[in-house]
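> Quick one: this structure, given as structure tokens, is what I'll be asking you about.
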Amino acid sequence: MAEIGVPKSYKSPKHKLLGFFQRSRDAWKEKYQVAKATIKRLKNWAAKLQQSREQWKARARHYEQELKDLRRELEAQKT
């Protein structure tokens with residue numbers, strides 16, 4: 001187990017390690033950026049879906065109220 005504060009020594013030449021570490025870092029950043037973009041896209045999609053759902057609910061409530069009013073009006077005309 002490596003101790004904290006003690007630099008790790010590698011057997012490979014530094015010029016090879018440098019390339020490996022840079023590729024590793026770039027791959028990690030790419031993976032993170034793709035995940036971040038996916039999360040943002042999904043959050044936006046969920047927000048739009050929620051907004052659409054609320055609009056449809058409001059529309060349905062409006063038409064239900066209109067139907068009740070028309071039925072009351074029809075009943076009033078019958079009597």
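Quick note on naming: the chains in the structure tokens go A, B, ... in the order shown, residues restart at 1 in each chain, and ligands are numbered from 1 in order of appearance.
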Hey, what does DSSP flag as helix (DSSP H, G or I) within chain A? Can you give it to me as an MDAnalysis selection string?

chainID A and resid 14:78
